[in-house]
file structure-v4.txt (compact mmCIF, C-alpha atoms and all ligand atoms)
# COMPACT_ATOMS: atom_id res chain seq x y z
CA MET H 19 79.17 145.35 98.00
CA ASP H 20 79.98 143.68 94.64
CA TYR H 21 77.21 141.06 94.45
CA LEU H 22 78.53 139.31 91.32
CA SER H 23 81.95 138.72 92.96
CA PHE H 24 80.18 137.38 96.03
CA VAL H 25 78.06 134.98 93.92
CA MET H 26 81.11 133.86 91.91
CA LEU H 27 83.15 133.15 95.07
CA ALA H 28 80.20 131.29 96.65
CA LEU H 29 79.79 129.16 93.49
CA HIS H 30 83.56 128.54 93.45
CA VAL H 31 83.51 127.23 97.02
CA LEU H 32 80.42 125.13 96.18
CA GLY H 33 82.28 123.56 93.22
CA ALA H 34 85.30 122.83 95.46
CA VAL H 35 83.06 121.23 98.10
CA ALA H 36 81.29 119.06 95.50
CA LEU H 37 84.49 117.86 93.77
CA VAL H 38 86.84 117.36 96.74
CA GLY H 39 84.11 116.44 99.26
CA GLY H 40 82.62 114.00 96.75
CA ALA H 41 86.01 112.32 96.29
CA ILE H 42 86.53 112.10 100.10
CA MET H 43 83.07 110.52 100.56
CA TRP H 44 83.66 108.06 97.71
CA ARG H 45 87.20 107.07 98.78
CA TYR H 46 86.62 106.83 102.55
CA GLY H 47 82.86 106.06 102.62
CA ALA H 48 81.66 104.18 99.53
CA VAL H 49 84.87 102.24 98.68
CA PRO H 50 85.30 100.65 102.18
CA GLY H 51 81.52 100.22 102.51
CA LEU H 52 81.40 98.22 99.27
CA GLN H 53 84.06 95.79 100.58
CA SER H 54 81.29 94.16 102.64
CA VAL H 55 79.33 92.96 99.58
CA ASP H 56 80.06 90.24 97.01
CA GLU H 57 82.47 91.00 94.14
CA GLY H 58 79.80 90.96 91.37
CA ILE H 59 77.44 93.33 93.21
CA ARG H 60 80.37 95.50 94.31
CA SER H 61 81.58 96.18 90.78
CA ARG H 62 78.01 96.87 89.54
CA VAL H 63 77.26 99.33 92.37
CA ASP H 64 80.73 100.88 92.01
CA SER H 65 80.13 101.53 88.28
CA ALA H 66 76.64 102.90 89.06
CA ILE H 67 78.15 105.35 91.59
CA ALA H 68 80.72 106.39 88.95
CA ALA H 69 77.99 107.00 86.35
CA ALA H 70 75.91 109.07 88.81
CA TRP H 71 78.92 111.12 90.00
CA ARG H 72 80.36 111.83 86.53
CA PRO H 73 77.95 114.69 85.56
CA ILE H 74 78.41 116.26 89.00
CA ALA H 75 82.21 116.11 88.68
CA ILE H 76 82.11 117.56 85.13
CA SER H 77 79.74 120.38 86.23
CA ALA H 78 81.96 121.15 89.24
CA ILE H 79 85.06 121.28 86.99
CA GLY H 80 83.33 123.63 84.51
CA GLY H 81 82.02 125.80 87.37
CA LEU H 82 85.43 125.96 89.09
CA LEU H 83 87.09 127.03 85.82
CA ILE H 84 84.53 129.77 85.02
CA THR H 85 84.28 131.16 88.57
CA GLY H 86 88.05 130.74 89.17
CA ILE H 87 88.93 132.80 86.07
CA TYR H 88 86.39 135.44 87.16
CA ASN H 89 87.87 135.50 90.70
CA LEU H 90 91.37 135.86 89.26
CA MET H 91 90.41 138.75 86.96
CA HIS H 92 88.61 140.61 89.78
CA ARG H 93 91.15 140.07 92.52
CA PRO H 94 92.47 143.51 93.54
CA VAL H 95 95.72 142.34 95.21
CA GLN H 96 98.12 140.28 93.05
CA THR H 97 101.51 139.93 94.74
CA LYS H 98 104.50 137.75 93.70
CA THR H 99 103.68 135.29 96.49
CA PHE H 100 100.08 135.08 95.24
CA HIS H 101 101.26 134.30 91.69
CA MET H 102 103.65 131.61 92.94
CA LEU H 103 100.94 129.94 95.05
CA PHE H 104 98.40 130.35 92.23
CA GLY H 105 100.78 128.54 89.79
CA ILE H 106 101.14 125.60 92.20
CA LYS H 107 97.36 125.57 92.69
CA MET H 108 96.75 125.43 88.90
CA LEU H 109 99.10 122.44 88.46
CA LEU H 110 97.33 120.59 91.27
CA ALA H 111 93.89 121.62 89.92
CA LEU H 112 94.78 120.18 86.48
CA HIS H 113 95.75 116.93 88.24
CA VAL H 114 92.44 116.87 90.16
CA PHE H 115 90.36 117.62 87.02
CA ALA H 116 92.07 114.98 84.84
CA VAL H 117 92.03 112.25 87.50
CA ALA H 118 88.40 113.04 88.50
CA ILE H 119 87.32 112.36 84.90
CA LEU H 120 89.39 109.13 84.81
CA ALA H 121 88.10 107.99 88.23
CA ALA H 122 84.48 108.38 87.10
CA ARG H 123 84.88 105.81 84.29
CA PRO H 124 82.93 102.55 84.72
CA ASN H 125 84.69 99.19 85.42
CA ASN H 126 87.76 100.91 86.80
CA ASP H 127 90.16 98.78 88.89
CA ARG H 128 92.37 101.77 89.73
CA ARG H 129 89.56 103.91 91.17
CA GLY H 130 90.70 103.70 94.83
CA ARG H 131 94.20 104.92 93.99
CA GLN H 132 92.88 107.65 91.70
CA LEU H 133 90.47 108.91 94.37
CA THR H 134 93.32 109.02 96.93
CA GLY H 135 95.28 111.21 94.49
CA ILE H 136 92.30 113.57 94.06
CA VAL H 137 91.85 113.83 97.85
CA ILE H 138 95.57 114.62 98.50
CA SER H 139 95.82 117.25 95.72
CA GLY H 140 92.36 118.65 96.60
CA VAL H 141 93.26 119.14 100.28
CA VAL H 142 96.54 120.88 99.33
CA ILE H 143 94.59 123.16 96.92
CA VAL H 144 92.11 124.13 99.67
CA VAL H 145 94.99 124.92 102.08
CA ILE H 146 96.76 127.03 99.39
CA SER H 147 93.49 128.81 98.56
CA ALA H 148 92.86 129.59 102.24
CA ALA H 149 96.30 131.30 102.29
CA PHE H 150 95.27 133.59 99.37
CA ARG H 151 93.57 135.93 101.84
CA TRP H 152 96.91 136.79 103.46
CA VAL H 153 99.24 137.03 100.41
C1 LIG H 201 89.99 121.57 92.46
C2 LIG H 201 89.96 122.82 92.07
C3 LIG H 201 89.80 124.03 92.98
C4 LIG H 201 89.52 124.09 94.33
C5 LIG H 201 89.31 122.93 95.31
C6 LIG H 201 89.49 125.50 94.67
C7 LIG H 201 89.20 125.99 95.95
C8 LIG H 201 89.22 127.32 96.32
C9 LIG H 201 88.93 127.82 97.64
C10 LIG H 201 88.49 126.97 98.84
C11 LIG H 201 89.11 129.16 97.60
C12 LIG H 201 89.02 130.11 98.79
C13 LIG H 201 87.77 130.94 98.79
C14 LIG H 201 87.84 131.92 99.96
O1 LIG H 201 87.39 131.55 101.03
O2 LIG H 201 88.34 133.02 99.81
C15 LIG H 201 89.54 129.53 96.26
C16 LIG H 201 89.87 130.79 95.84
C17 LIG H 201 90.29 131.12 94.57
N1 LIG H 201 90.35 130.29 93.48
FE1 LIG H 201 90.03 128.28 93.51
N2 LIG H 201 89.76 126.25 93.54
C18 LIG H 201 89.95 125.38 92.49
C19 LIG H 201 90.22 125.73 91.17
C20 LIG H 201 90.46 127.01 90.73
C21 LIG H 201 90.73 127.38 89.36
C22 LIG H 201 90.74 126.39 88.20
C23 LIG H 201 90.96 128.73 89.35
C24 LIG H 201 91.28 129.65 88.21
C25 LIG H 201 91.22 129.37 86.93
C26 LIG H 201 90.82 129.22 90.70
C27 LIG H 201 90.99 130.53 91.11
C28 LIG H 201 90.81 131.01 92.40
C29 LIG H 201 91.09 132.38 92.81
C30 LIG H 201 91.62 133.49 91.93
C31 LIG H 201 90.75 132.45 94.18
C32 LIG H 201 90.91 133.67 95.09
C33 LIG H 201 89.69 134.52 95.15
C34 LIG H 201 90.02 135.74 95.99
O3 LIG H 201 90.64 135.62 97.06
O4 LIG H 201 89.66 136.82 95.57
N3 LIG H 201 90.52 128.15 91.52
N4 LIG H 201 89.59 128.38 95.49
call {"tool": "encode", "arguments": {"input": "structure-v4.txt", "output": "structure tokens"}}
result
Amino acid sequence: MDYLSFVMLALHVLGAVALVGGAIMWRYGAVPGLQSVDEGIRSRVDSAIAAAWRPIAISAIGGLLITGIYNLMHRPVQTKTFHMLFGIKMLLALHVFAVAILAARPNNDRRGRQLTGIVISGVVIVVISAAFRWV
């Protein structure tokens, strides 16, 4: 067994869980939950969540890039279908990375919309990545 490949894939999945799962929790847990408090408190707590999540999002992005490049270089089977799906995945991943950094800015009125975009692209990426095993 190639232990380094195993560790890299496990870290890759962990990064995906942190980034996409974090966005799902924020968009469908924290955002609606904060609707029940007053406007002033809501925007303060919302910015505090953003500040706390930012280093996690940046670490997950860095980890996904490093482990993803490693996974790509050590993948034995590289078919045309894999390259096509991988290209689509990279475009969506760039969207997720850029919007995750924007969404984690404080005092952000467009956060809900940005998080929805991350969730949609993130779910499509996970579905594409699950298909990698068969292409
Ligand atoms: C939001 C960003 C990303 C998410 C959510 C994500 C998610 C995933 C998931 C869930 C898998 C499947 C693991 C498995 O069970 O086999 C995977 C595999 C893979 N990912 Fe990513 N990924 C992301 C970004 C990247 C990036 C930036 C790269 C490359 C630079 C990359 C390269 C790969 C490769 C090559 C595999 C296939 C590994 C293999 O089958 O040998 N990913 N990814």
call {"tool": "closest_atom_pairs", "arguments": {"input": "structure-v4.txt", "of": "chain H", "to": "ligand LIG 201 (chain H)", "cutoff": "6 Å", "atoms": "all atoms listed in the file", "output": "tab-separated table"}}
result
residue	atom	partner	partner_atom	distance
H:Val31	CA	H:LIG201	C10	5.3
H:Ala34	CA	H:LIG201	C5	4.0
H:Leu82	CA	H:LIG201	C19	5.2
H:Leu83	CA	H:LIG201	C22	4.4
H:Gly86	CA	H:LIG201	C26	3.5
H:Ile87	CA	H:LIG201	C25	4.2
H:Asn89	CA	H:LIG201	C30	4.4
H:Leu90	CA	H:LIG201	C30	3.6
H:Arg93	CA	H:LIG201	O4	4.7
H:Ala111	CA	H:LIG201	C2	4.6
H:Val114	CA	H:LIG201	C1	5.8
H:Gly140	CA	H:LIG201	C5	5.4
H:Ile143	CA	H:LIG201	C5	5.5
H:Val144	CA	H:LIG201	C10	4.7
H:Ser147	CA	H:LIG201	C11	4.5
H:Ala148	CA	H:LIG201	C12	5.2
H:Phe150	CA	H:LIG201	O3	5.6
H:Arg151	CA	H:LIG201	O3	5.6
call {"tool": "write_last_selection", "arguments": {"input": "structure-v4.txt", "atoms": "C-alpha atoms", "output": "PDB file, in the frame of the given file"}}
result
ATOM      1  CA  VAL H  31      83.510 127.230  97.020  1.00  0.00           C
ATOM      2  CA  ALA H  34      85.300 122.830  95.460  1.00  0.00           C
ATOM      3  CA  LEU H  82      85.430 125.960  89.090  1.00  0.00           C
ATOM      4  CA  LEU H  83      87.090 127.030  85.820  1.00  0.00           C
ATOM      5  CA  GLY H  86      88.050 130.740  89.170  1.00  0.00           C
ATOM      6  CA  ILE H  87      88.930 132.800  86.070  1.00  0.00           C
ATOM      7  CA  ASN H  89      87.870 135.500  90.700  1.00  0.00           C
ATOM      8  CA  LEU H  90      91.370 135.860  89.260  1.00  0.00           C
ATOM      9  CA  ARG H  93      91.150 140.070  92.520  1.00  0.00           C
ATOM     10  CA  ALA H 111      93.890 121.620  89.920  1.00  0.00           C
ATOM     11  CA  VAL H 114      92.440 116.870  90.160  1.00  0.00           C
ATOM     12  CA  GLY H 140      92.360 118.650  96.600  1.00  0.00           C
ATOM     13  CA  ILE H 143      94.590 123.160  96.920  1.00  0.00           C
ATOM     14  CA  VAL H 144      92.110 124.130  99.670  1.00  0.00           C
ATOM     15  CA  SER H 147      93.490 128.810  98.560  1.00  0.00           C
ATOM     16  CA  ALA H 148      92.860 129.590 102.240  1.00  0.00           C
ATOM     17  CA  PHE H 150      95.270 133.590  99.370  1.00  0.00           C
ATOM     18  CA  ARG H 151      93.570 135.930 101.840  1.00  0.00           C
TER      19      ARG H 151
END
call {"tool": "closest_residue", "arguments": {"input": "structure-v4.txt", "among": "H:Ala36, H:Ile42, H:Val25, H:Ala66", "to": "Arg123 in chain H", "atoms": "all atoms listed in the file"}}
result
H:Ala66
call {"tool": "atom_distance", "arguments": {"input": "structure-v4.txt", "atom1": "CA of Ala48 in chain H", "atom2": "CA of Phe115 in chain H"}}
result
20.3 Å
call {"tool": "residues_around", "arguments": {"input": "structure-v4.txt", "residues": "range 51-55 of chain H", "least_positions_apart": "5", "cutoff": "12 Å", "atoms": "all atoms listed in the file", "output": "PyMOL selection string"}}
result
chain H and resi 43-46+60-65+67+130
call {"tool": "atom_distance", "arguments": {"input": "structure-v4.txt", "atom1": "CA of Val95 in chain H", "atom2": "CA of Asp20 in chain H"}}
result
15.8 Å
call {"tool": "closest_residue", "arguments": {"input": "structure-v4.txt", "among": "H:His92, H:Ala75, H:Pro50, H:Ala70", "to": "Val35 in chain H", "atoms": "all atoms listed in the file"}}
result
H:Ala75
call {"tool": "residues_around", "arguments": {"input": "structure-v4.txt", "residues": "Ala149 in chain H", "least_positions_apart": "6", "cutoff": "12 Å", "atoms": "all atoms listed in the file", "output": "PyMOL selection string"}}
result
chain H and resi 99-100+102-104+107+142-143
call {"tool": "atom_distance", "arguments": {"input": "structure-v4.txt", "atom1": "CA of Arg72 in chain H", "atom2": "CA of Phe24 in chain H"}}
result
27.3 Å
call {"tool": "residues_around", "arguments": {"input": "structure-v4.txt", "residues": "Gly135 in chain H", "least_positions_apart": "2", "cutoff": "10 Å", "atoms": "all atoms listed in the file", "output": "ChimeraX atom specification"}}
result
/H:41,113-114,117-118,129-133,137-140
call {"tool": "closest_residue", "arguments": {"input": "structure-v4.txt", "among": "H:Ile146, H:Met91, H:Leu22, H:Val49", "to": "Asp127 in chain H", "atoms": "all atoms listed in the file"}}
result
H:Val49
call {"tool": "closest_residue", "arguments": {"input": "structure-v4.txt", "among": "H:Val145, H:Trp152, H:Gly40, H:Ile74", "to": "Ile106 in chain H", "atoms": "all atoms listed in the file"}}
result
H:Val145
call {"tool": "closest_residue", "arguments": {"input": "structure-v4.txt", "among": "H:Ala69, H:Gly39, H:Tyr21, H:Gly58", "to": "Pro124 in chain H", "atoms": "only C-alpha atoms"}}
result
H:Ala69
